[in-house]
Every structure is written in structure tokens, then in C-alpha cells.
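Source file query23.cif; content: mmCIF, C-alpha atoms.
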data_structure
#
loop_
_atom_site.label_atom_id
_atom_site.label_comp_id
_atom_site.auth_asym_id
_atom_site.auth_seq_id
_atom_site.Cartn_x
_atom_site.Cartn_y
_atom_site.Cartn_z
CA MET A 11 -37.10 18.32 -90.73
CA ALA A 12 -38.62 20.06 -93.77
CA GLU A 13 -37.34 17.31 -96.02
CA HIS A 14 -38.91 14.71 -93.80
CA GLU A 15 -42.27 16.46 -93.79
CA GLN A 16 -42.16 16.63 -97.56
CA GLY A 17 -41.42 12.95 -97.87
CA SER A 18 -37.67 12.54 -98.11
CA PRO A 19 -36.37 9.35 -99.67
CA GLU A 20 -36.44 6.38 -97.33
CA PRO A 21 -32.65 5.68 -97.40
CA ALA A 22 -31.82 9.19 -96.12
CA SER A 23 -34.36 8.88 -93.34
CA SER A 24 -33.02 5.48 -92.33
CA THR A 25 -29.46 6.78 -92.21
CA ALA A 26 -30.45 9.64 -89.95
CA THR A 27 -32.29 7.28 -87.63
CA ALA A 28 -29.34 4.91 -87.49
CA LEU A 29 -27.04 7.74 -86.41
CA GLU A 30 -29.26 8.86 -83.56
CA PRO A 31 -28.22 7.43 -80.20
CA ARG A 32 -30.67 5.23 -78.34
CA TRP A 33 -31.98 6.66 -75.12
CA HIS A 34 -32.68 4.55 -72.07
CA VAL A 35 -35.24 5.23 -69.36
CA VAL A 36 -33.69 4.01 -66.12
CA VAL A 37 -35.67 3.65 -62.90
CA LEU A 38 -33.59 3.82 -59.71
CA ASN A 39 -34.40 2.16 -56.41
CA ASP A 40 -35.88 4.05 -53.51
CA PRO A 41 -36.82 2.53 -50.15
CA VAL A 42 -40.13 4.39 -49.93
CA ASN A 43 -42.40 3.39 -52.79
CA LEU A 44 -44.23 0.12 -52.27
CA MET A 45 -43.42 -2.81 -54.52
CA SER A 46 -47.10 -3.14 -55.47
CA TYR A 47 -47.14 0.56 -56.32
CA VAL A 48 -44.11 0.29 -58.60
CA VAL A 49 -45.65 -2.70 -60.37
CA LEU A 50 -48.85 -0.75 -60.94
CA VAL A 51 -46.95 2.24 -62.29
CA PHE A 52 -45.01 0.09 -64.74
CA LYS A 53 -48.25 -1.46 -65.96
CA LYS A 54 -50.01 1.89 -66.22
CA VAL A 55 -47.25 4.00 -67.77
CA LEU A 56 -45.33 1.48 -69.85
CA GLY A 57 -48.12 -0.96 -70.64
CA PHE A 58 -46.24 -3.88 -69.11
CA ALA A 59 -47.97 -7.16 -68.37
CA GLU A 60 -47.99 -8.20 -64.71
CA ALA A 61 -45.01 -10.57 -65.01
CA GLN A 62 -42.91 -8.04 -66.93
CA ALA A 63 -43.75 -5.30 -64.43
CA ARG A 64 -42.82 -7.52 -61.50
CA ARG A 65 -39.55 -8.52 -63.17
CA HIS A 66 -38.49 -4.90 -63.63
CA MET A 67 -39.65 -3.96 -60.13
CA LEU A 68 -37.51 -6.75 -58.65
CA GLU A 69 -34.57 -5.66 -60.78
CA VAL A 70 -34.89 -2.14 -59.39
CA HIS A 71 -35.22 -3.50 -55.87
CA GLU A 72 -32.34 -5.96 -56.01
CA GLN A 73 -29.90 -4.29 -58.39
CA GLY A 74 -30.74 -0.65 -57.74
CA ARG A 75 -31.80 0.14 -61.29
CA SER A 76 -33.66 -1.17 -64.29
CA VAL A 77 -33.78 -0.03 -67.89
CA VAL A 78 -37.51 -0.02 -68.54
CA TRP A 79 -37.56 1.41 -72.04
CA SER A 80 -35.10 2.22 -74.84
CA GLY A 81 -35.54 4.09 -78.09
CA THR A 82 -35.79 7.60 -79.42
CA ARG A 83 -35.05 10.55 -77.21
CA GLU A 84 -38.51 12.04 -77.61
CA ARG A 85 -40.27 8.89 -76.48
CA ALA A 86 -37.76 8.35 -73.68
CA GLU A 87 -38.50 11.84 -72.38
CA HIS A 88 -42.22 11.11 -72.56
CA TYR A 89 -41.88 7.98 -70.44
CA ALA A 90 -39.46 9.60 -67.99
CA PHE A 91 -41.88 12.45 -67.43
CA ALA A 92 -44.82 10.08 -66.92
CA LEU A 93 -42.86 7.97 -64.42
CA GLN A 94 -41.75 11.08 -62.56
CA GLN A 95 -45.38 12.11 -62.23
CA TRP A 96 -45.72 8.95 -60.14
CA HIS A 97 -42.66 9.99 -58.09
CA LEU A 98 -40.35 7.25 -59.22
CA THR A 99 -36.70 8.23 -59.44
CA VAL A 100 -35.85 8.20 -63.11
CA ILE A 101 -32.85 9.14 -65.20
CA LEU A 102 -32.27 9.19 -68.93
CA GLU A 103 -29.11 7.76 -70.41
CA SER A 104 -27.97 7.69 -74.02
CA ASP A 105 -25.68 5.20 -75.69
CA GLU A 106 -23.26 8.07 -76.23
CA ALA A 107 -22.98 8.73 -72.51
CA ARG A 108 -22.36 5.07 -71.64
CA MET B 57 -68.33 2.79 -60.91
CA LYS B 58 -66.63 0.76 -58.23
CA ARG B 59 -66.26 2.67 -54.97
CA VAL B 60 -64.43 1.73 -51.80
CA GLU B 61 -65.30 3.40 -48.53
CA ILE B 62 -63.21 3.18 -45.40
CA ARG B 63 -64.25 4.17 -41.93
CA LEU B 64 -61.29 5.52 -40.01
CA SER B 65 -60.79 6.18 -36.34
CA LEU B 66 -60.99 9.95 -35.96
CA GLU B 67 -58.98 9.68 -32.78
CA ALA B 68 -56.16 7.90 -34.58
CA VAL B 69 -56.18 9.81 -37.86
CA THR B 70 -56.82 13.40 -36.79
CA PRO B 71 -53.32 13.86 -35.31
CA LEU B 72 -51.85 12.62 -38.59
CA LEU B 73 -53.67 15.20 -40.66
CA ALA B 74 -51.49 17.99 -39.33
CA VAL B 75 -48.42 15.99 -40.37
CA MET B 76 -49.86 15.43 -43.83
CA ARG B 77 -50.77 19.09 -44.26
CA GLU B 78 -47.35 20.24 -43.12
CA ALA B 79 -45.63 17.86 -45.54
CA ALA B 80 -47.99 19.01 -48.29
CA ALA B 81 -47.20 22.66 -47.62
CA SER B 82 -43.49 21.93 -47.85
CA LEU B 83 -44.05 20.50 -51.32
CA SER B 84 -45.83 23.55 -52.69
CA ASP B 85 -42.68 24.74 -54.44
CA GLY B 86 -40.60 21.59 -54.75
CA LEU B 87 -40.79 18.05 -56.03
CA ALA B 88 -40.91 15.09 -53.69
CA ALA B 89 -38.62 12.83 -55.70
CA ALA B 90 -35.10 13.80 -56.64
CA ASN B 91 -34.73 13.43 -60.37
CA THR B 92 -31.77 13.96 -62.63
CA LEU B 93 -32.82 15.38 -65.95
CA GLY B 94 -29.41 14.96 -67.55
CA ASP B 95 -28.81 17.13 -70.55
CA ILE B 96 -32.41 18.16 -71.11
CA GLU B 97 -32.55 21.55 -72.81
CA PRO B 98 -33.01 24.43 -70.33
CA ASP B 99 -36.34 25.56 -71.82
CA LEU B 100 -37.74 22.06 -71.71
CA ARG B 101 -36.36 21.51 -68.20
CA GLU B 102 -38.25 24.51 -66.86
CA THR B 103 -41.52 23.43 -68.47
CA TRP B 104 -40.92 19.85 -67.35
CA LEU B 105 -40.42 20.83 -63.71
CA ASP B 106 -43.36 23.25 -63.73
CA GLU B 107 -45.69 20.57 -65.07
CA LEU B 108 -44.44 17.98 -62.59
CA LEU B 109 -44.94 20.43 -59.74
CA GLY B 110 -48.45 21.30 -60.92
CA SER B 111 -49.35 17.64 -61.27
CA GLN B 112 -47.91 16.84 -57.85
CA ASN B 113 -49.80 19.59 -56.09
CA ASP B 114 -53.08 18.91 -57.89
CA ALA B 115 -52.88 15.32 -56.66
CA ILE B 116 -52.05 16.41 -53.11
CA ALA B 117 -55.11 18.68 -53.12
CA VAL B 118 -57.27 15.67 -54.01
CA LEU B 119 -55.77 13.65 -51.15
CA LEU B 120 -56.23 16.41 -48.59
CA GLY B 121 -59.75 16.97 -49.88
CA LEU B 122 -60.72 13.54 -48.57
CA PHE B 123 -60.36 14.82 -45.03
CA ASP B 124 -63.06 17.46 -45.20
CA ASP B 125 -65.90 18.44 -42.88
CA GLU B 126 -67.84 15.35 -43.84
CA PHE B 127 -64.91 13.16 -42.85
CA GLU B 128 -64.65 14.96 -39.53
CA GLU B 129 -68.26 14.01 -38.83
CA SER B 130 -68.35 10.50 -40.20
CA GLY B 131 -64.74 9.28 -40.28
CA VAL B 132 -65.41 7.90 -43.76
CA ILE B 133 -63.31 8.45 -46.87
CA GLY B 134 -64.06 7.01 -50.29
CA PHE B 135 -62.06 6.03 -53.33
CA ASP B 136 -63.21 5.46 -56.88
CA ALA B 137 -61.85 5.69 -60.41
CA GLY B 138 -62.01 9.47 -60.20
CA ASN B 139 -59.65 9.94 -57.28
CA ALA B 140 -57.70 6.70 -56.92
CA GLU B 141 -54.81 7.73 -59.14
CA PRO B 142 -54.17 11.19 -57.65
CA VAL B 143 -54.51 9.81 -54.11
CA LEU B 144 -51.97 7.11 -54.90
CA ARG B 145 -49.51 9.62 -56.36
CA ALA B 146 -50.03 12.16 -53.59
CA SER B 147 -49.47 9.49 -50.96
CA ALA B 148 -46.18 8.60 -52.64
CA ALA B 149 -45.13 12.25 -52.66
CA LEU B 150 -45.95 12.77 -49.00
CA ARG B 151 -44.21 9.54 -47.97
CA LEU B 152 -41.07 10.61 -49.81
CA ARG B 153 -41.17 13.99 -48.10
CA LEU B 154 -41.77 12.49 -44.65
CA ARG B 155 -38.84 10.18 -45.14
CA GLU B 156 -36.59 13.03 -46.24
CA ARG B 157 -37.58 15.30 -43.35
CA PHE B 158 -38.08 13.00 -40.39
CA LEU B 159 -37.08 9.42 -41.08
CA THR B 160 -33.55 9.53 -42.47
CA ALA B 161 -32.26 7.79 -39.33
CA LEU B 162 -34.28 4.68 -40.19
CA SER B 163 -32.67 1.96 -42.28
CA GLU B 164 -33.95 1.11 -45.72
CA GLU B 165 -34.99 -2.30 -44.38
CA VAL B 166 -37.20 -0.68 -41.75
CA LEU B 167 -38.68 1.75 -44.25
CA GLU B 168 -39.49 -1.06 -46.66
CA SER B 169 -40.94 -3.43 -44.09
CA GLY B 170 -42.49 -0.91 -41.72
CA ASP B 171 -41.36 -3.30 -39.01
CA LEU B 172 -40.56 -1.01 -36.11
CA GLU B 173 -41.85 -0.41 -32.61
CA VAL B 174 -43.37 3.04 -33.11
CA ASP B 175 -43.04 3.96 -29.44
CA SER B 176 -39.26 3.62 -29.74
CA LEU B 177 -39.23 6.81 -31.83
CA GLU B 178 -39.13 10.33 -30.45
CA GLU B 179 -41.42 13.05 -31.74
CA PRO B 180 -41.67 14.32 -34.44
CA ALA B 181 -40.34 11.14 -36.07
CA ARG B 182 -42.93 9.02 -34.26
CA ARG B 183 -45.91 10.84 -35.72
CA ALA B 184 -44.23 11.10 -39.12
CA PHE B 185 -43.68 7.33 -39.18
CA MET B 186 -47.30 6.68 -38.25
CA CYS B 187 -48.40 8.98 -41.06
CA TYR B 188 -45.93 7.22 -43.41
CA LEU B 189 -47.55 3.87 -42.58
CA PHE B 190 -51.06 5.27 -42.81
CA LEU B 191 -50.44 6.58 -46.32
CA ALA B 192 -48.96 3.22 -47.33
CA THR B 193 -52.12 1.52 -46.08
CA LEU B 194 -54.26 3.81 -48.20
CA GLN B 195 -52.10 2.97 -51.21
CA GLU B 196 -52.36 -0.76 -50.58
CA LEU B 197 -56.15 -0.58 -50.27
CA ILE B 198 -56.48 1.37 -53.51
CA ILE B 199 -54.16 -0.96 -55.41
CA GLN B 200 -55.95 -4.01 -54.02
CA HIS B 201 -59.44 -2.82 -54.90
CA LEU B 202 -59.08 -0.33 -57.76
CA ASP B 203 -56.10 -1.62 -59.73
CA ALA B 204 -58.27 -2.35 -62.78
CA SER B 205 -59.97 1.06 -62.67
CA ILE B 206 -56.62 2.82 -62.62
CA LEU B 207 -55.22 0.79 -65.50
CA GLU B 208 -58.33 1.38 -67.59
CA GLY B 209 -58.46 5.10 -66.79
#
Would it be possible to restate this file's structure as C-alpha cells?
Amino acid sequence: MAEHEQGSPEPASSTATALEPRWHVVVLNDPVNLMSYVVLVFKKVLGFAEAQARRHMLEVHEQGRSVVWSGTRERAEHYAFALQQWHLTVILESDEAR
Amino acid sequence: MKRVEIRLSLEAVTPLLAVMREAAASLSDGLAAANTLGDIEPDLRETWLDELLGSQNDAIAVLLGLFDDEFEESGVIGFDAGNAEPVLRASAALRLRLRERFLTALSEEVLESGDLEVDSLEEPARRAFMCYLFLATLQELIIQHLDASILEG
């Protein structure tokens, strides 16, 4: 961390990033939350456009789950927390665990 | 600021308020939605859950605050950019809790469609289901009229 803050060489930073697993924010289906509500939450929290939000909502509804975001652990935790504030059922998965 | 006001039947809604308040009280120390936090670090997990619980209960307080003395006189509740989001989230929390406590016998299809003869249910499921539908109606009205305000907020 200290090296990074002091401006470590780009190749070292890239190697570290490449070794970190990708984390996936997965929304699971529930029979309670309205479809229109889930679409709104995806737009609000994840910044999805209407069509993208509806596509993920339908994936959750029909397949039981949808990966709505993938990337660093820190950002994945941020999105999971925000989605949980809206009472969606959310889990985090990493490539390592898959 | 866009504002939506709804006049409700006091006769119809008043019995549901007790159901809402009871569900709200049951959520004072627990989250409505089951969530798996995986291998989140213990320190972060505790903070995470505390903040979710605080957020949940703040929103529920906003929802219950709609049904104040003024409502009991006029039957009117109002939504705007200031309360739409917490009312939406609180309604979701209460619906999840009502389902967990009273409506587990209902199929997912019935819960999703709301297509059920209410009088076929025994108490307390009957009143819980009516409250479940009422909260969904509030959510639909807010999303229909204040979607843009929520997204911009």
C-alpha cells in the first residue's frame, strides 16, 4: 500500500491487479419485491439504463440470479451494501470461489 | 418539487396500521432480507449489519410517520422527493417481513401476482395479505409518479 501511495512503478501495480480475483455482485430472486421496484433499484444503484435494468430484472426472475456487477472487491462490497439497503437479496462471489 | 397526495379510506386502512406497526417493531433488531455476506471480515460485517439496520429502521420511521394525527383526520398521505425513497424501501422491508411471518403458505405465483380471494384466508394471514397488497400499491404509485425524482436524488 505504501509503495502504491508513493507512486510505485506501473508494471508492479498492474501485476498486483491482475492477481486479484474478480468479485461478482449477484442478485437472487425473491417473490416479494415488485418487478418495477427491482428495475428502479438497478437504475438507481448501478446506473443502468432502463433496458439494461429490465434485462437483469428478468434474468433474476426467470433464472433465479443475475450477476449485476463484476470487478474489485471494494467496489463489489459497495454495490452489495447499496442493494441490500433496498432489501434485495444479494451475495458476493469471487472467481476463486467459483 | 413534485408532490403526490393520496386520499385513503380510513375505514380500510386503519386496521392495516396495526399490522404495519407490529411488523415494524419486529424489525427493530433484525434485517428484513436474508443476506449472505460470504467471507466478509468480522469487523466489517458488524459495521455493515449495523448500518443496514439503521438505514432500514430510519426508512420505516418515515413510512410510519405518514400515518400521523393529520392522516387520521384527513385520510391523506403525501409523497415527494424527500420521502419517496425511504417509503419505497420501508414498504419492501415490511412486505418481506409479512411474507416471512404470515404468508409462507402462499405460493410464489400468488405472492407475485397478488391474485387471491382475500376472504379465503384466515386471520392473521388475511389482514397481513391486505397490508402486503396495500404496501405494494404505495410502491407502485411512487414508482409511477416519482421515478425521476428518486433517480435524480
Should the cut-off be 8 Å, what would the residue list for chain B against chain A look like, counting all atoms listed in the file, as a list in words?
Ala88, Ala89, Ala90, Asn91, Thr92, Leu93, Gly94, Trp104, Leu108, Ser111, Gln112, Arg145, Ala148, Ala149, Arg151, Leu152, Arg155, Glu164, Glu165, Leu167, Glu168, Ala192, Gln195, Glu196, Ile199, Asp203, Ile206 and Leu207 of chain B
Spatial neighbours of segment 72-76 of chain A, 7 Å, all atoms listed in the file, chain gap at least 4 places, as a list of chain:residue names:
A:Val36, A:Val37, A:Leu38, A:Asn39, A:His66, A:Leu68
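Each of B:Ser82, B:Asn139, B:Ser163, B:Asn113 was compared to Ser205 of chain B using only C-alpha atoms, and B:Asn139 turns out to be the nearest.
Here the PyMOL selection byres ((chain B and resi 202) around 9) matches the residues Lys58, Arg59, Val60, Phe135, Asp136, Ala137, Ala140, Leu197, Ile198, Ile199, Gln200, His201, Asp203, Ala204, Ser205, Ile206 and Leu207 of chain B.
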Selection above as a file: C-alpha atoms, as a CSV table (one decimal), keeping the file's coordinate frame:
chain,number,residue,atom,x,y,z
B,58,LYS,CA,-66.6,0.8,-58.2
B,59,ARG,CA,-66.3,2.7,-55.0
B,60,VAL,CA,-64.4,1.7,-51.8
B,135,PHE,CA,-62.1,6.0,-53.3
B,136,ASP,CA,-63.2,5.5,-56.9
B,137,ALA,CA,-61.8,5.7,-60.4
B,140,ALA,CA,-57.7,6.7,-56.9
B,197,LEU,CA,-56.2,-0.6,-50.3
B,198,ILE,CA,-56.5,1.4,-53.5
B,199,ILE,CA,-54.2,-1.0,-55.4
B,200,GLN,CA,-56.0,-4.0,-54.0
B,201,HIS,CA,-59.4,-2.8,-54.9
B,203,ASP,CA,-56.1,-1.6,-59.7
B,204,ALA,CA,-58.3,-2.4,-62.8
B,205,SER,CA,-60.0,1.1,-62.7
B,206,ILE,CA,-56.6,2.8,-62.6
B,207,LEU,CA,-55.2,0.8,-65.5
Env of Arg83 of chain A: 12 Å cut, atoms = all atoms listed in the file, seq-sep filter 5 positions within chain, self excluded. Answer as a PyMOL selection string.
(chain A and resi 27+30-35+88-90+102-105) or (chain B and resi 95-96)
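Taking atom CA of Val77 of chain A as the reference point, atom CA of Ala146 of chain B is found at 24.8 Å.
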Step by step, work through what the PyMOL selection byres ((chain B and resi 178-182) around 10) selects in the shown file, and finish by giving those residues as a PyMOL selection string.
chain B and resi 75+154-155+157-162+173-177+183-188
